[in-house]
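Visitor: Data: work.txt, compact mmCIF, C-alpha atoms.
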```txt
# COMPACT_ATOMS: atom_id res chain seq x y z
CA MET A 610 88.68 -47.02 60.97
CA ASP A 611 85.99 -47.63 63.55
CA ALA A 612 85.04 -44.95 66.04
CA PHE A 613 87.06 -46.40 68.91
CA GLU A 614 90.16 -46.75 66.76
CA ALA A 615 89.84 -43.12 65.67
CA ILE A 616 89.47 -42.03 69.31
CA ALA A 617 92.37 -44.20 70.45
CA THR A 618 94.82 -43.13 67.72
CA LYS A 619 93.95 -39.45 67.31
CA LEU A 620 96.82 -37.14 68.17
CA ASP A 621 96.95 -33.35 68.18
CA VAL A 622 98.88 -31.92 65.27
CA ARG A 623 99.96 -28.32 64.81
CA GLU A 624 102.34 -28.62 61.87
CA PHE A 625 100.78 -29.22 58.54
CA ALA A 626 101.88 -30.12 55.02
CA SER A 627 101.05 -27.76 52.17
CA LYS A 628 98.89 -30.44 50.49
CA LYS A 629 95.30 -29.25 50.11
CA VAL A 630 92.45 -30.97 51.92
CA PRO A 631 89.68 -31.94 49.45
CA GLY A 632 86.36 -30.16 49.72
CA GLU A 633 84.58 -33.40 50.51
CA VAL A 634 86.63 -33.83 53.70
CA LYS A 635 85.86 -30.27 54.74
CA ARG A 636 82.18 -30.97 54.14
CA LYS A 637 82.42 -34.13 56.25
CA VAL A 638 84.03 -32.17 59.08
CA LEU A 639 81.28 -29.55 59.02
CA GLU A 640 78.57 -32.19 58.68
CA ALA A 641 80.00 -33.91 61.75
CA ALA A 642 79.58 -30.64 63.67
CA ARG A 643 76.07 -30.14 62.35
CA LEU A 644 75.04 -33.68 63.34
CA THR A 645 76.39 -33.40 66.88
CA ALA A 646 73.90 -33.29 69.73
CA SER A 647 73.52 -30.05 71.66
CA SER A 648 71.64 -29.00 74.77
CA ARG A 649 67.89 -29.58 74.11
CA ASN A 650 68.82 -29.74 70.42
CA SER A 651 69.13 -25.97 70.50
CA GLN A 652 71.87 -26.05 67.84
CA HIS A 653 73.12 -22.80 69.28
CA TRP A 654 76.59 -23.23 67.81
CA ARG A 655 77.71 -21.49 64.65
CA PHE A 656 80.88 -22.20 62.70
CA ILE A 657 83.13 -19.97 60.67
CA LEU A 658 85.14 -21.80 58.01
CA VAL A 659 88.40 -19.94 57.40
CA GLN A 660 90.37 -20.99 54.32
CA ASP A 661 91.68 -17.77 52.86
CA ARG A 662 95.43 -17.52 53.54
CA ALA A 663 95.21 -13.87 54.63
CA ASN A 664 92.38 -14.73 57.01
CA LEU A 665 94.30 -17.66 58.49
CA LYS A 666 97.23 -15.33 59.04
CA ARG A 667 94.93 -12.82 60.73
CA LEU A 668 93.47 -15.60 62.90
CA ALA A 669 97.01 -16.41 64.07
CA ALA A 670 97.68 -12.74 64.77
CA ASP A 671 94.42 -12.50 66.74
CA SER A 672 95.35 -15.45 68.96
CA THR A 673 97.35 -15.84 72.16
CA SER A 674 97.85 -19.60 71.90
CA GLY A 675 97.19 -20.45 68.26
CA LYS A 676 99.97 -18.92 66.20
CA TRP A 677 100.35 -22.33 64.52
CA VAL A 678 96.93 -21.97 62.85
CA GLU A 679 98.58 -19.86 60.16
CA GLY A 680 99.97 -23.10 58.71
CA ALA A 681 96.68 -24.97 58.69
CA ASP A 682 94.91 -25.77 55.46
CA PHE A 683 91.70 -24.48 56.96
CA ALA A 684 90.33 -23.51 60.35
CA VAL A 685 86.92 -23.67 61.99
CA MET A 686 85.90 -21.21 64.67
CA ILE A 687 83.20 -22.44 67.04
CA LEU A 688 80.76 -19.86 68.35
CA THR A 689 78.29 -20.72 71.09
CA ASP A 690 75.43 -19.01 72.88
CA PRO A 691 76.65 -18.40 76.45
CA THR A 692 73.08 -18.26 77.75
CA VAL A 693 72.54 -21.94 76.91
CA ASN A 694 73.18 -24.25 79.86
CA GLY A 695 76.15 -26.46 79.02
CA ASN A 696 77.15 -24.41 75.98
CA MET A 697 80.87 -25.07 76.44
CA ILE A 698 80.22 -28.78 76.75
CA ASP A 699 78.38 -28.52 73.44
CA ALA A 700 81.38 -26.76 71.92
CA GLY A 701 83.57 -29.62 73.10
CA ARG A 702 81.24 -32.23 71.64
CA ALA A 703 81.10 -30.56 68.23
CA LEU A 704 84.84 -30.04 68.08
CA GLN A 705 85.54 -33.63 69.03
CA ASP A 706 83.26 -34.87 66.27
CA MET A 707 84.95 -32.58 63.76
CA GLU A 708 88.38 -33.81 64.76
CA LEU A 709 87.36 -37.46 64.57
CA ALA A 710 85.66 -37.03 61.20
CA ALA A 711 88.84 -35.44 59.87
CA TRP A 712 91.13 -38.04 61.44
CA ASP A 713 89.00 -40.78 59.91
CA SER A 714 89.91 -39.23 56.53
CA GLY A 715 93.63 -38.90 57.29
CA VAL A 716 93.38 -35.22 58.16
CA ALA A 717 94.90 -34.06 61.44
CA SER A 718 93.95 -31.14 63.64
CA GLY A 719 94.68 -29.17 66.75
CA ILE A 720 92.65 -26.74 68.83
CA TYR A 721 93.21 -23.57 70.81
CA VAL A 722 91.05 -21.33 72.94
CA GLY A 723 93.28 -18.31 73.51
CA VAL A 724 92.13 -15.37 71.40
CA VAL A 725 92.46 -11.61 71.51
CA GLU A 726 88.76 -11.12 72.02
CA ASP A 727 88.30 -7.65 70.54
CA ALA A 728 90.42 -8.37 67.48
CA VAL A 729 88.71 -11.66 66.65
CA ARG A 730 85.24 -10.20 67.11
CA ARG A 731 86.04 -7.31 64.80
CA ASP A 732 87.89 -9.28 62.14
CA TYR A 733 85.30 -12.03 61.88
CA ALA A 734 82.19 -9.92 62.55
CA ILE A 735 81.11 -12.00 65.58
CA PRO A 736 77.73 -10.83 66.92
CA ASP A 737 77.51 -9.74 70.56
CA GLY A 738 75.33 -12.70 71.55
CA LEU A 739 77.89 -15.34 70.59
CA ARG A 740 81.05 -16.47 72.38
CA VAL A 741 84.22 -17.57 70.60
CA SER A 742 84.58 -20.98 72.26
CA ALA A 743 87.42 -22.65 70.38
CA ILE A 744 89.29 -22.63 67.10
CA LEU A 745 90.43 -25.72 65.24
CA GLY A 746 93.12 -25.90 62.59
CA PHE A 747 93.08 -28.77 60.07
CA GLY A 748 95.48 -30.17 57.50
CA TYR A 749 97.57 -33.13 56.48
CA PRO A 750 100.29 -33.69 59.05
CA LYS A 751 103.72 -32.40 58.09
CA ARG A 752 105.49 -35.43 59.58
CA ARG A 753 104.52 -39.03 59.85
CA ILE A 754 102.66 -39.38 63.13
CA VAL A 755 104.35 -41.84 65.44
CA GLY A 756 103.33 -40.46 68.81
CA ARG A 757 102.08 -42.56 71.65
CA LYS A 758 99.55 -41.04 73.98
CA ASN A 759 100.82 -40.03 77.36
CA ARG A 760 97.94 -40.72 79.74
CA LYS A 761 97.42 -41.64 83.36
CA PRO A 762 96.26 -45.23 83.96
CA LEU A 763 92.54 -45.88 84.22
CA GLU A 764 92.86 -46.55 87.95
CA GLU A 765 93.97 -42.96 88.58
CA LEU A 766 91.13 -41.46 86.59
CA VAL A 767 88.13 -43.67 87.27
CA PHE A 768 86.50 -44.40 90.62
CA PRO A 769 83.74 -46.96 91.13
CA GLU A 770 80.55 -45.69 92.78
CA ARG A 771 82.18 -42.92 94.83
CA TYR A 772 85.11 -40.58 94.37
CA GLY A 773 88.27 -42.05 95.85
CA GLU A 774 87.23 -45.71 95.69
CA ARG A 775 89.74 -48.03 94.04
CA LEU A 776 88.81 -49.41 90.61
CA GLN A 777 88.88 -53.22 90.68
CA PRO A 778 88.88 -55.68 87.78
CA SER A 779 85.46 -56.85 89.03
CA ASN A 780 84.05 -53.37 88.31
CA LEU A 781 84.61 -53.93 84.60
CA ALA A 782 83.74 -57.61 84.47
CA MET B 552 81.15 -48.55 61.84
CA ASP B 553 83.61 -45.84 60.92
CA ALA B 554 83.93 -42.71 63.00
CA PHE B 555 81.84 -40.55 60.69
CA GLU B 556 79.06 -43.12 60.54
CA ALA B 557 79.01 -43.29 64.33
CA ILE B 558 78.82 -39.50 64.53
CA ALA B 559 76.14 -39.29 61.86
CA THR B 560 73.88 -42.00 63.27
CA LYS B 561 74.27 -41.45 67.02
CA LEU B 562 71.03 -40.49 68.73
CA ASP B 563 70.36 -39.64 72.37
CA VAL B 564 68.58 -42.40 74.23
CA ARG B 565 67.07 -42.17 77.69
CA GLU B 566 65.09 -45.40 77.87
CA PHE B 567 67.08 -48.54 78.28
CA ALA B 568 66.50 -52.29 78.14
CA SER B 569 67.31 -54.38 81.19
CA LYS B 570 70.00 -56.32 79.25
CA LYS B 571 73.40 -55.90 80.87
CA VAL B 572 76.24 -54.15 79.09
CA PRO B 573 79.37 -56.36 79.07
CA GLY B 574 82.36 -55.23 81.09
CA GLU B 575 84.49 -54.97 77.95
CA VAL B 576 82.19 -52.28 76.55
CA LYS B 577 82.34 -50.36 79.81
CA ARG B 578 86.10 -50.59 79.69
CA LYS B 579 86.08 -49.30 76.10
CA VAL B 580 83.91 -46.35 77.13
CA LEU B 581 86.27 -45.43 79.97
CA GLU B 582 89.34 -45.98 77.80
CA ALA B 583 87.83 -43.60 75.24
CA ALA B 584 87.57 -40.95 77.95
CA ARG B 585 91.11 -41.63 79.15
CA LEU B 586 92.50 -41.34 75.62
CA THR B 587 90.75 -38.05 74.88
CA ALA B 588 92.87 -34.93 74.57
CA SER B 589 92.59 -32.27 77.26
CA SER B 590 93.95 -28.78 77.72
CA ARG B 591 97.78 -29.03 77.75
CA ASN B 592 97.28 -32.75 78.38
CA SER B 593 96.44 -31.85 81.97
CA GLN B 594 94.04 -34.82 82.22
CA HIS B 595 92.21 -32.86 84.86
CA TRP B 596 89.02 -34.86 84.44
CA ARG B 597 88.03 -37.67 86.76
CA PHE B 598 85.22 -40.15 86.21
CA ILE B 599 82.91 -41.93 88.59
CA LEU B 600 81.49 -45.17 87.26
CA VAL B 601 78.08 -45.80 88.84
CA GLN B 602 76.65 -49.29 88.38
CA ASP B 603 75.06 -50.15 91.67
CA ARG B 604 71.25 -49.96 91.34
CA ALA B 605 70.83 -48.07 94.60
CA ASN B 606 73.48 -45.55 93.53
CA LEU B 607 71.85 -45.07 90.12
CA LYS B 608 68.58 -44.41 91.91
CA ARG B 609 70.29 -41.90 94.16
CA LEU B 610 71.89 -40.24 91.13
CA ALA B 611 68.40 -39.78 89.69
CA ALA B 612 67.13 -38.36 92.97
CA ASP B 613 70.09 -35.95 93.07
CA SER B 614 69.34 -34.61 89.59
CA THR B 615 67.07 -31.92 88.24
CA SER B 616 67.12 -33.08 84.60
CA GLY B 617 68.33 -36.68 84.74
CA LYS B 618 65.59 -38.72 86.41
CA TRP B 619 65.87 -41.16 83.51
CA VAL B 620 69.38 -42.20 84.62
CA GLU B 621 67.76 -44.56 87.14
CA GLY B 622 66.99 -46.86 84.21
CA ALA B 623 70.50 -46.85 82.77
CA ASP B 624 72.71 -49.92 82.99
CA PHE B 625 75.53 -47.71 84.21
CA ALA B 626 76.37 -44.05 84.47
CA VAL B 627 79.56 -42.02 84.29
CA MET B 628 79.93 -38.73 86.13
CA ILE B 629 82.51 -36.36 84.66
CA LEU B 630 84.39 -34.16 87.10
CA THR B 631 86.65 -31.37 85.88
CA ASP B 632 89.01 -28.86 87.40
CA PRO B 633 87.32 -25.45 86.99
CA THR B 634 90.68 -23.66 87.19
CA VAL B 635 91.83 -25.23 83.90
CA ASN B 636 91.19 -23.00 80.90
CA GLY B 637 88.67 -24.72 78.65
CA ASN B 638 87.74 -27.33 81.25
CA MET B 639 84.12 -27.56 80.10
CA ILE B 640 85.25 -28.03 76.52
CA ASP B 641 87.39 -30.90 77.77
CA ALA B 642 84.35 -32.37 79.52
CA GLY B 643 82.47 -32.19 76.22
CA ARG B 644 85.29 -33.88 74.33
CA ALA B 645 85.57 -36.76 76.77
CA LEU B 646 81.83 -37.31 76.90
CA GLN B 647 81.53 -37.29 73.14
CA ASP B 648 84.26 -39.92 72.86
CA MET B 649 82.56 -42.07 75.49
CA GLU B 650 79.24 -41.85 73.69
CA LEU B 651 80.78 -42.72 70.32
CA ALA B 652 82.77 -45.64 71.74
CA ALA B 653 79.56 -47.00 73.26
CA TRP B 654 77.49 -46.40 70.11
CA ASP B 655 80.13 -48.21 68.08
CA SER B 656 79.39 -51.24 70.28
CA GLY B 657 75.61 -50.94 70.02
CA VAL B 658 75.23 -49.23 73.38
CA ALA B 659 73.21 -46.03 73.55
CA SER B 660 73.50 -43.10 75.93
CA GLY B 661 72.16 -39.76 76.99
CA ILE B 662 73.59 -36.93 79.05
CA TYR B 663 72.39 -34.37 81.56
CA VAL B 664 73.96 -31.51 83.44
CA GLY B 665 71.28 -30.58 85.97
CA VAL B 666 72.24 -31.81 89.42
CA VAL B 667 71.37 -30.89 92.99
CA GLU B 668 74.89 -29.77 93.76
CA ASP B 669 75.01 -30.34 97.53
CA ALA B 670 73.37 -33.75 97.33
CA VAL B 671 75.61 -35.05 94.53
CA ARG B 672 78.75 -33.80 96.22
CA ARG B 673 77.82 -35.47 99.48
CA ASP B 674 76.57 -38.76 98.03
CA TYR B 675 79.54 -39.26 95.72
CA ALA B 676 82.23 -37.70 97.92
CA ILE B 677 83.24 -35.10 95.31
CA PRO B 678 86.25 -33.07 96.48
CA ASP B 679 85.92 -29.29 96.67
CA GLY B 680 88.36 -28.70 93.81
CA LEU B 681 86.34 -30.58 91.21
CA ARG B 682 83.21 -29.55 89.34
CA VAL B 683 80.43 -31.96 88.38
CA SER B 684 80.35 -31.19 84.66
CA ALA B 685 78.02 -33.76 83.18
CA ILE B 686 76.53 -37.18 83.80
CA LEU B 687 76.04 -39.83 81.14
CA GLY B 688 73.71 -42.81 81.31
CA PHE B 689 74.42 -45.88 79.17
CA GLY B 690 72.53 -49.00 78.17
CA TYR B 691 71.01 -50.95 75.35
CA PRO B 692 68.12 -48.98 73.89
CA LYS B 693 64.67 -50.10 75.00
CA ARG B 694 63.18 -49.60 71.54
CA ARG B 695 64.59 -50.02 68.07
CA ILE B 696 66.12 -46.68 67.16
CA VAL B 697 64.55 -45.25 64.05
CA GLY B 698 64.99 -41.54 64.66
CA ARG B 699 66.20 -39.12 62.08
CA LYS B 700 68.22 -36.17 63.24
CA ASN B 701 66.47 -32.87 63.25
CA ARG B 702 69.14 -30.34 62.33
CA LYS B 703 69.39 -26.98 60.61
CA PRO B 704 70.97 -27.06 57.14
CA LEU B 705 74.70 -26.44 56.86
CA GLU B 706 74.05 -23.03 55.28
CA GLU B 707 72.40 -21.76 58.47
CA LEU B 708 75.21 -22.95 60.70
CA VAL B 709 78.39 -22.38 58.73
CA PHE B 710 79.74 -19.08 57.42
CA PRO B 711 82.75 -18.80 55.12
CA GLU B 712 85.52 -16.48 56.30
CA ARG B 713 83.31 -14.08 58.30
CA TYR B 714 80.14 -14.40 60.34
CA GLY B 715 77.07 -13.77 58.20
CA GLU B 716 78.63 -14.59 54.83
CA ARG B 717 76.69 -17.06 52.73
CA LEU B 718 78.16 -20.56 52.33
CA GLN B 719 78.63 -21.36 48.64
CA PRO B 720 79.27 -24.72 46.96
CA SER B 721 82.66 -23.32 45.90
CA ASN B 722 83.65 -23.01 49.60
CA LEU B 723 83.60 -26.79 49.89
CA ALA B 724 84.96 -27.62 46.45
```
Mind turning this structure into structure tokens?

Guide:
Amino acid sequence: MDAFEAIATKLDVREFASKKVPGEVKRKVLEAARLTASSRNSQHWRFILVQDRANLKRLAADSTSGKWVEGADFAVMILTDPTVNGNMIDAGRALQDMELAAWDSGVASGIYVGVVEDAVRRDYAIPDGLRVSAILGFGYPKRRIVGRKNRKPLEELVFPERYGERLQPSNLA
Amino acid sequence: MDAFEAIATKLDVREFASKKVPGEVKRKVLEAARLTASSRNSQHWRFILVQDRANLKRLAADSTSGKWVEGADFAVMILTDPTVNGNMIDAGRALQDMELAAWDSGVASGIYVGVVEDAVRRDYAIPDGLRVSAILGFGYPKRRIVGRKNRKPLEELVFPERYGERLQPSNLA
């Protein structure tokens, strides 16, 4: 599917089938992260690939909002350098590319940011200079995905030229 | 091009041709933002579409790292709610989707985050409750794009199971 189709159809999934994701898809996901742009090309992000069942279970235990990651086929933890300007934006860019690369291959994903800081840092040996920015869980979806996206209309989200101005058809002509 | 190809080939561009970007591509870019996931589907982001030449010039004047935006065909300012957990990650996700949707249509882009806060807020009527997270400039590239991405190898960026462990071929088998 083309990039726009992937963006338009991608849904968050947090329940996964037991079917294994092939190594080549995992590589594609990580390559997508690697090839993402970052602030001044600093490439400050690092990624921990978690596939071991016991480690996925521990990741779930170390989370406040990601208990579902225990059922993922694999997870990727994004670490960023908090001293880099825009480092959380960079985390968001890399994670979006990973999710789209997976989706493009039929693999679904979800993300969470709520972790028990001390526990995660200890269990995954995170150095002091890096922040745990987000964690993604990947796998084949457990159910057929039939969701429709629930989003506000463009006119509520986009303003032409100045905040509060009304978007007109002529603005996108 | 498929999503992975878009991700893999996308380069940052800050010099644009004078050729106009069709309205349908602008709409696609904004739709991509609208359709992006956000924290608890809060859709807290808002977008200002800047196309007027005088306003693009002002945007450049109001920036510390985005003088080049003056030459863009159009720009999109991303505003986020700083009280939402992970709001900068959401900004990064939306901007990545916008850039990929544009790239997919042959339109290049660059981003910057350095703005003169007071000036931008005044000139674009940004409400107090929203943060200016990033600004993107879009247009057809001025030169043929022949760049190759300069990135660290996967082994320097990705660790299996714990930070510092060495990535092995068997981890992606």

Visitor: Find the spatial neighbours of Leu644 of chain A, counting all atoms listed in the file, within a cut-off of 8 Å - ignore same-chain residues fewer than 5 positions away - and output them as a ChimeraX atom specification.

Guide: /B:558-559,700,702

Visitor: Separation of atom CA of Val685 of chain A and atom CA of Leu630 of chain B, in Å?

Guide: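 Separating atom CA of Val685 of chain A from atom CA of Leu630 of chain B is a distance of 27.3 Å.
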
Visitor: Could you produce a table of the residues of chain A lying within 6 Å of chain B, with the nearest pair of atoms per residue and their separation in Å rounded to one decimal, using all atoms listed in the file, ordered by chain and increasing residue number, as a Markdown table?

Guide:
```
| residue | atom | partner | partner_atom | distance |
| --- | --- | --- | --- | --- |
| A:Met610 | CA | B:Asp553 | CA | 5.2 |
| A:Asp611 | CA | B:Asp553 | CA | 4.0 |
| A:Ala612 | CA | B:Ala554 | CA | 3.9 |
| A:Phe613 | CA | B:Ala652 | CA | 5.2 |
| A:Ala617 | CA | B:Leu586 | CA | 5.9 |
| A:Gly632 | CA | B:Leu723 | CA | 4.4 |
| A:Leu644 | CA | B:Ala559 | CA | 5.9 |
| A:Arg655 | CA | B:Leu708 | CA | 4.9 |
| A:Phe656 | CA | B:Val709 | CA | 4.7 |
| A:Ile657 | CA | B:Phe710 | CA | 4.8 |
| A:Leu658 | CA | B:Pro711 | CA | 4.8 |
| A:Val659 | CA | B:Glu712 | CA | 4.6 |
| A:Met697 | CA | B:Ile640 | CA | 5.3 |
| A:Ile698 | CA | B:Gly643 | CA | 4.1 |
| A:Gly701 | CA | B:Ile640 | CA | 4.1 |
| A:Arg702 | CA | B:Gly643 | CA | 4.7 |
| A:Gln705 | CA | B:Arg644 | CA | 5.3 |
| A:Ala710 | CA | B:Phe555 | CA | 5.2 |
| A:Tyr733 | CA | B:Arg713 | CA | 4.6 |
| A:Ala734 | CA | B:Tyr714 | CA | 5.4 |
| A:Ile735 | CA | B:Tyr714 | CA | 5.8 |
| A:Leu766 | CA | B:Arg597 | CA | 4.9 |
| A:Val767 | CA | B:Phe598 | CA | 4.7 |
| A:Phe768 | CA | B:Ile599 | CA | 4.8 |
| A:Pro769 | CA | B:Leu600 | CA | 4.8 |
| A:Glu770 | CA | B:Val601 | CA | 4.7 |
| A:Arg771 | CA | B:Tyr675 | CA | 4.6 |
| A:Tyr772 | CA | B:Ala676 | CA | 5.4 |
| A:Leu781 | CA | B:Gly574 | CA | 4.4 |
| A:Ala782 | CA | B:Gly574 | CA | 4.4 |
```

Visitor: Go ahead and compute the interatomic distance for atom CA of Asp624 of chain B and atom CA of Phe689 of chain B, in Å to one decimal.

Guide: 5.8 Å

Visitor: State, in Å with one decimal place, the distance from atom CA of Ala728 of chain A to atom CA of Val716 of chain A.

Guide: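 Those two atoms sit 28.6 Å apart.
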
Visitor: Can you pull out every residue within 12 Å of Ala605 of chain B, counting only C-alpha atoms, but drop anything in the same chain fewer than 6 positions away, and send it as a PyMOL selection string?

Guide: (chain A and resi 770) or (chain B and resi 611-612+620-625+674)

Visitor: I'd like the contact shell of Ser569 of chain B - 8 Å cut-off, only C-alpha atoms, skipping same-chain residues fewer than 2 positions apart - returned as a ChimeraX atom specification.

Guide: /B:567,571,624,691,693

Visitor: Take segment 626-647 of chain B, bring it up to N, CA and C atoms, and give me the output as an mmCIF file, in the coordinates of the input.

Guide:
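result-v5.cif, written as the output of this step:
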```
data_model
loop_
_atom_site.group_PDB
_atom_site.id
_atom_site.type_symbol
_atom_site.label_atom_id
_atom_site.label_comp_id
_atom_site.auth_asym_id
_atom_site.auth_seq_id
_atom_site.Cartn_x
_atom_site.Cartn_y
_atom_site.Cartn_z
ATOM 1 N N ALA B 626 76.214 -45.480 84.713
ATOM 2 C CA ALA B 626 76.370 -44.050 84.470
ATOM 3 C C ALA B 626 77.823 -43.647 84.701
ATOM 4 N N VAL B 627 78.224 -42.568 84.055
ATOM 5 C CA VAL B 627 79.560 -42.020 84.290
ATOM 6 C C VAL B 627 79.415 -40.535 84.609
ATOM 7 N N MET B 628 79.936 -40.141 85.756
ATOM 8 C CA MET B 628 79.930 -38.730 86.130
ATOM 9 C C MET B 628 81.284 -38.145 85.737
ATOM 10 N N ILE B 629 81.253 -37.013 85.045
ATOM 11 C CA ILE B 629 82.510 -36.360 84.660
ATOM 12 C C ILE B 629 82.765 -35.207 85.614
ATOM 13 N N LEU B 630 83.943 -35.234 86.226
ATOM 14 C CA LEU B 630 84.390 -34.160 87.100
ATOM 15 C C LEU B 630 85.533 -33.438 86.413
ATOM 16 N N THR B 631 85.539 -32.113 86.490
ATOM 17 C CA THR B 631 86.650 -31.370 85.880
ATOM 18 C C THR B 631 87.163 -30.325 86.855
ATOM 19 N N ASP B 632 88.370 -29.891 86.581
ATOM 20 C CA ASP B 632 89.010 -28.860 87.400
ATOM 21 C C ASP B 632 88.632 -27.491 86.825
ATOM 22 N N PRO B 633 87.809 -26.722 87.542
ATOM 23 C CA PRO B 633 87.320 -25.450 86.990
ATOM 24 C C PRO B 633 88.413 -24.396 86.808
ATOM 25 N N THR B 634 89.602 -24.643 87.369
ATOM 26 C CA THR B 634 90.680 -23.660 87.190
ATOM 27 C C THR B 634 91.432 -23.869 85.873
ATOM 28 N N VAL B 635 91.168 -24.980 85.188
ATOM 29 C CA VAL B 635 91.830 -25.230 83.900
ATOM 30 C C VAL B 635 91.067 -24.500 82.802
ATOM 31 N N ASN B 636 91.785 -23.729 82.015
ATOM 32 C CA ASN B 636 91.190 -23.000 80.900
ATOM 33 C C ASN B 636 90.585 -24.008 79.911
ATOM 34 N N GLY B 637 89.324 -23.814 79.604
ATOM 35 C CA GLY B 637 88.670 -24.720 78.650
ATOM 36 C C GLY B 637 88.233 -26.035 79.285
ATOM 37 N N ASN B 638 88.053 -26.042 80.605
ATOM 38 C CA ASN B 638 87.740 -27.330 81.250
ATOM 39 C C ASN B 638 86.388 -27.901 80.833
ATOM 40 N N MET B 639 85.419 -27.039 80.514
ATOM 41 C CA MET B 639 84.120 -27.560 80.100
ATOM 42 C C MET B 639 84.170 -28.091 78.664
ATOM 43 N N ILE B 640 85.022 -27.482 77.862
ATOM 44 C CA ILE B 640 85.250 -28.030 76.520
ATOM 45 C C ILE B 640 85.843 -29.429 76.644
ATOM 46 N N ASP B 641 86.789 -29.577 77.560
ATOM 47 C CA ASP B 641 87.390 -30.900 77.770
ATOM 48 C C ASP B 641 86.352 -31.916 78.234
ATOM 49 N N ALA B 642 85.434 -31.474 79.081
ATOM 50 C CA ALA B 642 84.350 -32.370 79.520
ATOM 51 C C ALA B 642 83.542 -32.824 78.302
ATOM 52 N N GLY B 643 83.238 -31.880 77.423
ATOM 53 C CA GLY B 643 82.470 -32.190 76.220
ATOM 54 C C GLY B 643 83.195 -33.159 75.294
ATOM 55 N N ARG B 644 84.506 -32.986 75.195
ATOM 56 C CA ARG B 644 85.290 -33.880 74.330
ATOM 57 C C ARG B 644 85.286 -35.301 74.868
ATOM 58 N N ALA B 645 85.519 -35.425 76.164
ATOM 59 C CA ALA B 645 85.570 -36.760 76.770
ATOM 60 C C ALA B 645 84.207 -37.441 76.684
ATOM 61 N N LEU B 646 83.168 -36.672 76.921
ATOM 62 C CA LEU B 646 81.830 -37.310 76.900
ATOM 63 C C LEU B 646 81.453 -37.724 75.497
ATOM 64 N N GLN B 647 81.842 -36.922 74.521
ATOM 65 C CA GLN B 647 81.530 -37.290 73.140
ATOM 66 C C GLN B 647 82.255 -38.588 72.777
#
```
